[in-house]
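> I'm passing along final37.cif; it holds mmCIF, C-alpha atoms.
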```
data_entry
#
loop_
_atom_site.label_atom_id
_atom_site.label_comp_id
_atom_site.auth_asym_id
_atom_site.auth_seq_id
_atom_site.Cartn_x
_atom_site.Cartn_y
_atom_site.Cartn_z
CA MET S 1 -25.97 -7.48 -52.24
CA LYS S 2 -25.59 -8.90 -48.73
CA VAL S 3 -28.15 -7.77 -46.15
CA GLU S 4 -27.67 -8.87 -42.54
CA HIS S 5 -30.45 -8.78 -39.99
CA THR S 6 -28.83 -7.68 -36.74
CA SER S 7 -31.83 -8.10 -34.44
CA ALA S 8 -33.85 -11.23 -33.78
CA GLY S 9 -36.99 -9.34 -32.83
CA ASN S 10 -36.85 -6.23 -35.01
CA GLY S 11 -36.95 -6.87 -38.74
CA GLY S 12 -36.21 -3.24 -39.57
CA GLN S 13 -32.69 -3.42 -38.14
CA VAL S 14 -30.40 -4.39 -40.99
CA TYR S 15 -26.74 -4.03 -41.84
CA VAL S 16 -25.76 -3.77 -45.50
CA PRO S 17 -21.95 -3.94 -45.64
CA ILE S 18 -21.50 -2.33 -49.06
CA VAL S 19 -23.73 0.63 -48.11
CA ASN S 20 -21.82 1.02 -44.84
CA TRP S 21 -18.48 1.26 -46.66
CA ILE S 22 -19.81 3.65 -49.33
CA LEU S 23 -21.16 5.92 -46.56
CA MET S 24 -17.90 5.69 -44.61
CA ILE S 25 -15.75 6.66 -47.61
CA SER S 26 -18.14 9.49 -48.58
CA CYS S 27 -18.25 10.90 -45.03
CA ILE S 28 -14.49 10.85 -44.67
CA GLY S 29 -14.21 12.40 -48.14
CA LEU S 30 -16.57 15.21 -47.10
CA VAL S 31 -14.60 15.87 -43.90
CA LEU S 32 -11.27 15.97 -45.75
CA GLY S 33 -12.73 17.98 -48.63
CA PHE S 34 -14.61 20.65 -46.67
CA ARG S 35 -12.25 20.73 -43.65
CA SER S 36 -14.68 22.61 -41.35
CA SER S 37 -18.28 22.22 -40.22
CA GLY S 38 -18.88 25.83 -41.31
CA ASN S 39 -17.98 24.96 -44.90
CA LEU S 40 -20.18 21.85 -44.74
CA ALA S 41 -23.08 23.86 -43.36
CA ALA S 42 -22.71 26.30 -46.26
CA ALA S 43 -22.81 23.39 -48.72
CA TYR S 44 -25.91 22.10 -46.96
CA GLY S 45 -27.64 25.45 -47.51
CA MET S 46 -27.53 26.58 -43.89
CA ARG S 47 -26.18 30.09 -43.21
CA MET D 1 -23.64 11.64 -45.80
CA ILE D 2 -23.48 15.27 -44.71
CA THR D 3 -25.16 14.66 -41.34
CA PRO D 4 -22.53 12.32 -39.81
CA ALA D 5 -19.70 14.34 -41.33
CA ILE D 6 -20.99 17.68 -40.03
CA SER D 7 -21.96 16.34 -36.59
CA VAL D 8 -18.62 14.67 -35.89
CA LEU D 9 -16.59 17.54 -37.34
CA GLY D 10 -18.65 20.14 -35.48
CA ALA D 11 -18.30 18.27 -32.20
CA VAL D 12 -14.55 17.82 -32.54
CA GLU D 13 -14.18 21.49 -33.51
CA GLY D 14 -15.54 22.26 -30.04
CA LEU D 15 -12.15 21.10 -28.73
CA LYS D 16 -10.59 24.19 -30.33
CA VAL D 17 -12.72 26.41 -28.11
CA ALA D 18 -11.44 24.66 -25.00
CA ALA D 19 -7.86 24.22 -26.22
CA PRO D 20 -6.78 26.13 -29.35
CA ALA D 21 -3.55 24.08 -29.47
CA LEU D 22 -5.61 21.07 -30.60
CA ASP D 23 -6.46 22.75 -33.92
CA PRO D 24 -4.20 20.54 -36.11
CA TRP D 25 -5.76 17.43 -34.55
CA VAL D 26 -9.36 18.25 -35.49
CA LEU D 27 -9.31 16.64 -38.95
CA PRO D 28 -7.38 13.44 -38.09
CA LEU D 29 -9.48 12.99 -34.94
CA SER D 30 -12.74 13.43 -36.88
CA VAL D 31 -11.66 10.90 -39.52
CA GLY D 32 -10.64 8.49 -36.74
CA ILE D 33 -14.00 8.82 -34.95
CA LEU D 34 -15.97 8.37 -38.21
CA THR D 35 -13.91 5.28 -39.13
CA ALA D 36 -14.47 3.77 -35.69
CA LEU D 37 -18.23 4.46 -35.87
CA PHE D 38 -18.58 2.84 -39.28
CA LEU D 39 -16.47 -0.14 -38.21
CA VAL D 40 -18.83 -0.98 -35.33
CA GLN D 41 -22.01 -0.72 -37.44
CA LYS D 42 -22.00 -4.47 -38.09
CA ARG D 43 -22.78 -5.03 -34.41
CA GLY D 44 -26.25 -3.68 -35.08
CA THR D 45 -28.41 -1.23 -33.15
CA GLY D 46 -28.54 -3.50 -30.08
CA GLY D 47 -24.76 -3.88 -29.81
CA ILE D 48 -24.03 -0.19 -30.35
CA GLY D 49 -26.87 0.80 -28.02
CA LYS D 50 -25.29 -1.17 -25.17
CA VAL D 51 -22.29 1.17 -25.37
CA PHE D 52 -23.95 4.46 -26.31
CA GLY D 53 -27.12 4.04 -24.22
CA PRO D 54 -25.35 4.55 -20.86
CA ILE D 55 -23.31 7.44 -22.34
CA MET D 56 -26.52 9.17 -23.44
CA VAL D 57 -28.09 8.60 -20.02
CA VAL D 58 -25.09 10.32 -18.40
CA TRP D 59 -25.33 13.14 -20.96
CA PHE D 60 -29.02 13.81 -20.32
CA ALA D 61 -28.56 13.47 -16.56
CA THR D 62 -25.85 16.15 -16.82
CA LEU D 63 -28.16 18.44 -18.79
CA ALA D 64 -30.93 17.92 -16.23
CA GLY D 65 -28.52 18.53 -13.35
CA LEU D 66 -27.23 21.77 -14.87
CA GLY D 67 -30.82 22.86 -15.37
CA VAL D 68 -31.84 22.10 -11.79
CA ARG D 69 -28.78 23.98 -10.54
CA GLU D 70 -30.06 27.16 -12.21
CA ILE D 71 -33.72 26.56 -11.43
CA VAL D 72 -33.16 26.41 -7.66
CA HIS D 73 -31.66 29.93 -7.91
CA THR D 74 -34.44 31.35 -10.09
CA PRO D 75 -37.53 29.14 -10.02
CA GLU D 76 -39.41 31.78 -12.07
CA VAL D 77 -37.78 30.45 -15.25
CA LEU D 78 -40.15 27.47 -15.04
CA GLN D 79 -42.81 29.82 -16.39
CA ALA D 80 -41.19 29.19 -19.77
CA LEU D 81 -42.96 25.82 -19.80
CA ASN D 82 -46.39 27.46 -19.68
CA PRO D 83 -48.12 26.72 -23.02
CA LEU D 84 -50.45 29.71 -22.52
CA ASP D 85 -47.49 31.97 -23.31
CA ALA D 86 -47.10 30.26 -26.67
CA ILE D 87 -50.77 30.93 -27.45
CA ARG D 88 -50.36 34.55 -26.35
CA PHE D 89 -47.23 34.87 -28.53
CA PHE D 90 -49.01 33.66 -31.66
CA SER D 91 -52.18 35.65 -31.07
CA GLU D 92 -50.09 38.78 -30.65
CA TYR D 93 -47.55 38.34 -33.46
CA LYS D 94 -49.76 36.32 -35.87
CA PHE D 95 -47.91 35.81 -39.16
CA ASP D 96 -44.61 37.12 -37.77
CA GLY D 97 -44.96 34.48 -35.06
CA PHE D 98 -45.28 31.83 -37.75
CA LEU D 99 -42.15 33.13 -39.47
CA ALA D 100 -40.29 33.05 -36.15
CA LEU D 101 -40.84 29.27 -36.15
CA GLY D 102 -38.15 29.12 -38.85
CA SER D 103 -35.53 29.50 -36.14
CA ILE D 104 -36.67 26.30 -34.42
CA PHE D 105 -37.14 24.31 -37.60
CA LEU D 106 -34.84 21.53 -36.37
CA VAL D 107 -37.70 20.57 -34.04
CA VAL D 108 -39.53 19.39 -37.15
CA THR D 109 -36.63 17.31 -38.44
CA GLY D 110 -36.15 15.94 -34.93
CA GLY D 111 -39.82 15.01 -34.68
CA GLU D 112 -39.64 13.35 -38.06
CA ALA D 113 -36.58 11.37 -36.94
CA LEU D 114 -38.49 10.29 -33.83
CA TYR D 115 -41.18 8.70 -36.01
CA ALA D 116 -38.61 7.13 -38.34
CA ASP D 117 -36.89 5.65 -35.26
CA MET D 118 -40.20 4.18 -34.15
CA GLY D 119 -39.99 1.76 -37.09
CA HIS D 120 -36.44 0.96 -36.11
CA PHE D 121 -36.71 0.50 -32.34
CA GLY D 122 -40.39 -0.15 -31.84
CA ARG D 123 -42.90 1.94 -29.90
CA ARG D 124 -41.97 1.10 -26.30
CA PRO D 125 -38.26 2.14 -26.37
CA ILE D 126 -39.15 5.46 -28.03
CA GLN D 127 -41.86 6.21 -25.45
CA LEU D 128 -39.57 5.30 -22.57
CA SER D 129 -36.47 7.16 -23.72
CA TRP D 130 -38.43 10.23 -24.79
CA TYR D 131 -40.83 10.68 -21.89
CA ALA D 132 -38.61 9.37 -19.08
CA ILE D 133 -35.21 10.77 -20.10
CA VAL D 134 -35.00 13.17 -23.04
CA PHE D 135 -38.04 15.36 -22.50
CA PRO D 136 -37.58 16.00 -18.74
CA ALA D 137 -33.84 16.62 -19.16
CA LEU D 138 -34.32 19.06 -22.05
CA ALA D 139 -37.23 20.82 -20.34
CA LEU D 140 -35.11 21.42 -17.22
CA ASN D 141 -32.05 22.52 -19.17
CA THR D 142 -33.92 24.80 -21.57
CA SER D 143 -35.86 26.49 -18.75
CA ALA D 144 -32.53 27.24 -17.08
CA ARG D 145 -31.24 28.78 -20.29
CA VAL D 146 -34.24 31.09 -20.40
CA ARG D 147 -32.42 32.89 -17.63
CA CYS D 148 -29.63 33.77 -20.06
CA CYS D 149 -32.06 34.95 -22.72
CA CYS D 150 -33.93 37.20 -20.29
CA GLY D 151 -30.72 38.64 -18.87
CA CYS D 152 -28.67 37.05 -16.11
CA PRO D 153 -29.27 38.63 -12.71
CA ARG D 154 -25.71 37.62 -11.83
CA PRO D 155 -23.06 38.77 -14.28
CA SER D 156 -21.06 35.93 -15.77
CA ARG D 157 -17.60 35.71 -14.30
CA THR D 158 -15.89 34.60 -17.49
CA ARG D 159 -15.86 36.12 -20.96
CA SER D 160 -18.84 34.50 -22.63
CA SER D 161 -17.63 33.14 -25.95
CA GLY D 162 -21.09 32.68 -27.42
CA TRP D 163 -21.86 29.16 -26.32
CA VAL D 164 -20.16 29.16 -22.92
CA ARG D 165 -22.98 30.70 -20.89
CA ARG D 166 -24.69 30.05 -17.62
CA GLY D 167 -26.93 27.01 -17.73
CA ARG D 168 -24.78 25.35 -20.39
CA ARG D 169 -21.60 25.53 -18.38
CA GLY D 170 -21.00 23.12 -15.54
CA PRO D 171 -19.65 23.96 -12.10
CA ARG D 172 -16.03 25.11 -11.98
CA TRP D 173 -14.63 21.72 -10.89
CA SER D 174 -15.94 20.13 -14.07
CA TRP D 175 -14.05 22.50 -16.39
CA PRO D 176 -10.83 21.47 -18.08
CA PRO D 177 -7.85 22.68 -15.96
CA TRP D 178 -6.71 25.29 -18.52
CA ARG D 179 -10.11 27.07 -18.38
CA ARG D 180 -10.46 27.36 -14.63
#
```
For this file, write the structure as structure tokens.

Amino acid sequence: MKVEHTSAGNGGQVYVPIVNWILMISCIGLVLGFRSSGNLAAAYGMR
Amino acid sequence: MITPAISVLGAVEGLKVAAPALDPWVLPLSVGILTALFLVQKRGTGGIGKVFGPIMVVWFATLAGLGVREIVHTPEVLQALNPLDAIRFFSEYKFDGFLALGSIFLVVTGGEALYADMGHFGRRPIQLSWYAIVFPALALNTSARVRCCCGCPRPSRTRSSGWVRRGRRGPRWSWPPWRR
């Protein structure tokens, strides 16, 4: 798994491409699946 | 996963309040914004911060400005910052007061995020952004909103649709043309 350090001074700042793409696809999937922030909030346990 | 999805979707849904005709664009726009945000992640916190930092400064300056605008009309609202009132509240309501904290629970998650960010940005940037920008701006804006909670002396001129209230709404010239 590739891990890129994006900051010279701050070791905690990393970019992991595969994780980025998994998160992107999941987020877009959630938006298209739930279609409204109200539905998402309900899934999250709020309201 | 849920947090970015719900924040972007919720923000874009705000467009519907201003312009109901934009309803069919909410989903494609949200997907577009999310894609763009994930595409720039490789630039790292520093690169993204160069773009979003100034935007956030403008945002907090706007909040502070809107707060000041209300405070000059009713300086009494600044009493809301008095911590003695919090002590009085808890000594009067006791356990019910503790339960009431449930409604401001996001303060806890926000505080937790602040400490997590400390490991990411380092101590100095967190201290600077919090004490010099975020805290003063939010204190001014929230005090101004106290005026809405305790009843506006001046009746609002527009139908208040829940979130469009005095203290959150800018001066008339800053509204989109179809709301003026």
> Please write the residues picked by the PyMOL selection byres ((chain S and resi 12) around 12) on this file as a PDB file with C-alpha atoms, in the coordinates of the input.

```pdb
ATOM      1  CA  VAL S   3     -28.150  -7.770 -46.150  1.00  0.00           C
ATOM      2  CA  GLU S   4     -27.670  -8.870 -42.540  1.00  0.00           C
ATOM      3  CA  HIS S   5     -30.450  -8.780 -39.990  1.00  0.00           C
ATOM      4  CA  THR S   6     -28.830  -7.680 -36.740  1.00  0.00           C
ATOM      5  CA  SER S   7     -31.830  -8.100 -34.440  1.00  0.00           C
ATOM      6  CA  ALA S   8     -33.850 -11.230 -33.780  1.00  0.00           C
ATOM      7  CA  GLY S   9     -36.990  -9.340 -32.830  1.00  0.00           C
ATOM      8  CA  ASN S  10     -36.850  -6.230 -35.010  1.00  0.00           C
ATOM      9  CA  GLY S  11     -36.950  -6.870 -38.740  1.00  0.00           C
ATOM     10  CA  GLN S  13     -32.690  -3.420 -38.140  1.00  0.00           C
ATOM     11  CA  VAL S  14     -30.400  -4.390 -40.990  1.00  0.00           C
ATOM     12  CA  TYR S  15     -26.740  -4.030 -41.840  1.00  0.00           C
TER      13      TYR S  15
ATOM     14  CA  GLY D  44     -26.250  -3.680 -35.080  1.00  0.00           C
ATOM     15  CA  THR D  45     -28.410  -1.230 -33.150  1.00  0.00           C
ATOM     16  CA  ALA D 116     -38.610   7.130 -38.340  1.00  0.00           C
ATOM     17  CA  ASP D 117     -36.890   5.650 -35.260  1.00  0.00           C
ATOM     18  CA  MET D 118     -40.200   4.180 -34.150  1.00  0.00           C
ATOM     19  CA  GLY D 119     -39.990   1.760 -37.090  1.00  0.00           C
ATOM     20  CA  HIS D 120     -36.440   0.960 -36.110  1.00  0.00           C
ATOM     21  CA  PHE D 121     -36.710   0.500 -32.340  1.00  0.00           C
ATOM     22  CA  GLY D 122     -40.390  -0.150 -31.840  1.00  0.00           C
TER      23      GLY D 122
END
```
> Interatomic distance between atom CA of Val51 of chain D and atom CA of Leu39 of chain D?
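Atom-to-atom, atom CA of Val51 of chain D to atom CA of Leu39 of chain D, that is 14.2 Å.
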> With chain S as the partner and 8 Å as the cut-off, tabulate the residues of chain D that qualify, each row holding the nearest pair of atoms and their distance in Å to one decimal, using all atoms listed in the file, sorted by chain and rising number, as a tab-separated table.

```
residue	atom	partner	partner_atom	distance
D:Met1	CA	S:Cys27	CA	5.5
D:Ile2	CA	S:Cys27	CA	6.8
D:Pro4	CA	S:Cys27	CA	6.9
D:Ala5	CA	S:Cys27	CA	5.3
D:Ile6	CA	S:Ser37	CA	5.3
D:Ser7	CA	S:Ser37	CA	7.8
D:Leu9	CA	S:Ser37	CA	5.7
D:Gly10	CA	S:Ser37	CA	5.2
D:Glu13	CA	S:Ser37	CA	7.9
D:Leu27	CA	S:Arg35	CA	6.9
D:Ser30	CA	S:Val31	CA	7.7
D:Val31	CA	S:Ile28	CA	5.9
D:Leu34	CA	S:Ile28	CA	7.1
D:Thr35	CA	S:Met24	CA	6.8
D:Phe38	CA	S:Met24	CA	6.1
D:Gln41	CA	S:Tyr15	CA	7.3
D:Lys42	CA	S:Tyr15	CA	6.1
D:Arg43	CA	S:Thr6	CA	7.0
D:Gly44	CA	S:Thr6	CA	5.0
D:Thr45	CA	S:Gln13	CA	6.9
D:Gly46	CA	S:Ser7	CA	7.1
D:Gly119	CA	S:Gly12	CA	6.7
D:His120	CA	S:Gly12	CA	5.4
D:Phe121	CA	S:Asn10	CA	7.2
D:Gly122	CA	S:Asn10	CA	7.7
```
> Can those selected residues be exported to a file as a compact mmCIF listing (two decimals), in the frame of the given file so that it contains C-alpha atoms?

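Dumped everything to out-v2.txt:
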```txt
# COMPACT_ATOMS: atom_id res chain seq x y z
CA MET D 1 -23.64 11.64 -45.80
CA ILE D 2 -23.48 15.27 -44.71
CA PRO D 4 -22.53 12.32 -39.81
CA ALA D 5 -19.70 14.34 -41.33
CA ILE D 6 -20.99 17.68 -40.03
CA SER D 7 -21.96 16.34 -36.59
CA LEU D 9 -16.59 17.54 -37.34
CA GLY D 10 -18.65 20.14 -35.48
CA GLU D 13 -14.18 21.49 -33.51
CA LEU D 27 -9.31 16.64 -38.95
CA SER D 30 -12.74 13.43 -36.88
CA VAL D 31 -11.66 10.90 -39.52
CA LEU D 34 -15.97 8.37 -38.21
CA THR D 35 -13.91 5.28 -39.13
CA PHE D 38 -18.58 2.84 -39.28
CA GLN D 41 -22.01 -0.72 -37.44
CA LYS D 42 -22.00 -4.47 -38.09
CA ARG D 43 -22.78 -5.03 -34.41
CA GLY D 44 -26.25 -3.68 -35.08
CA THR D 45 -28.41 -1.23 -33.15
CA GLY D 46 -28.54 -3.50 -30.08
CA GLY D 119 -39.99 1.76 -37.09
CA HIS D 120 -36.44 0.96 -36.11
CA PHE D 121 -36.71 0.50 -32.34
CA GLY D 122 -40.39 -0.15 -31.84
```
> Atom CA of Asn82 of chain D and atom CA of Arg123 of chain D, how far apart in Å?
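Answer for the atom CA of Arg123 of chain D to atom CA of Asn82 of chain D separation: 27.7 Å.
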> Just give me the gap between atom CA of Leu78 of chain D and atom CA of Ala137 of chain D in Å, one decimal is fine.
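A separation of 13.2 Å between them.
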> Taking N, CA and C atoms as the atom set, what does segment 25-37 of chain S look like once completed, written as a PDB file, keeping the file's coordinate frame?

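Resulting contents of out.pdb:
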```
ATOM      1  N   ILE S  25     -16.701   5.985 -46.713  1.00  0.00           N
ATOM      2  CA  ILE S  25     -15.750   6.660 -47.610  1.00  0.00           C
ATOM      3  C   ILE S  25     -16.272   8.057 -47.971  1.00  0.00           C
ATOM      4  N   SER S  26     -17.595   8.174 -48.220  1.00  0.00           N
ATOM      5  CA  SER S  26     -18.140   9.490 -48.580  1.00  0.00           C
ATOM      6  C   SER S  26     -18.010  10.471 -47.424  1.00  0.00           C
ATOM      7  N   CYS S  27     -18.320  10.011 -46.197  1.00  0.00           N
ATOM      8  CA  CYS S  27     -18.250  10.900 -45.030  1.00  0.00           C
ATOM      9  C   CYS S  27     -16.830  11.393 -44.813  1.00  0.00           C
ATOM     10  N   ILE S  28     -15.883  10.465 -44.874  1.00  0.00           N
ATOM     11  CA  ILE S  28     -14.490  10.850 -44.670  1.00  0.00           C
ATOM     12  C   ILE S  28     -14.050  11.789 -45.794  1.00  0.00           C
ATOM     13  N   GLY S  29     -14.517  11.516 -47.009  1.00  0.00           N
ATOM     14  CA  GLY S  29     -14.210  12.400 -48.140  1.00  0.00           C
ATOM     15  C   GLY S  29     -14.739  13.801 -47.899  1.00  0.00           C
ATOM     16  N   LEU S  30     -15.974  13.896 -47.375  1.00  0.00           N
ATOM     17  CA  LEU S  30     -16.570  15.210 -47.100  1.00  0.00           C
ATOM     18  C   LEU S  30     -15.752  15.965 -46.049  1.00  0.00           C
ATOM     19  N   VAL S  31     -15.367  15.230 -44.977  1.00  0.00           N
ATOM     20  CA  VAL S  31     -14.600  15.870 -43.900  1.00  0.00           C
ATOM     21  C   VAL S  31     -13.277  16.401 -44.446  1.00  0.00           C
ATOM     22  N   LEU S  32     -12.577  15.550 -45.235  1.00  0.00           N
ATOM     23  CA  LEU S  32     -11.270  15.970 -45.750  1.00  0.00           C
ATOM     24  C   LEU S  32     -11.426  17.052 -46.814  1.00  0.00           C
ATOM     25  N   GLY S  33     -12.535  17.003 -47.566  1.00  0.00           N
ATOM     26  CA  GLY S  33     -12.730  17.980 -48.630  1.00  0.00           C
ATOM     27  C   GLY S  33     -13.144  19.345 -48.099  1.00  0.00           C
ATOM     28  N   PHE S  34     -14.078  19.353 -47.144  1.00  0.00           N
ATOM     29  CA  PHE S  34     -14.610  20.650 -46.670  1.00  0.00           C
ATOM     30  C   PHE S  34     -13.816  21.208 -45.485  1.00  0.00           C
ATOM     31  N   ARG S  35     -13.186  20.343 -44.717  1.00  0.00           N
ATOM     32  CA  ARG S  35     -12.250  20.730 -43.650  1.00  0.00           C
ATOM     33  C   ARG S  35     -12.846  21.444 -42.443  1.00  0.00           C
ATOM     34  N   SER S  36     -14.080  21.998 -42.544  1.00  0.00           N
ATOM     35  CA  SER S  36     -14.680  22.610 -41.350  1.00  0.00           C
ATOM     36  C   SER S  36     -16.198  22.451 -41.415  1.00  0.00           C
ATOM     37  N   SER S  37     -16.823  22.409 -40.233  1.00  0.00           N
ATOM     38  CA  SER S  37     -18.280  22.220 -40.220  1.00  0.00           C
ATOM     39  C   SER S  37     -18.973  23.448 -40.797  1.00  0.00           C
TER      40      SER S  37
END
```
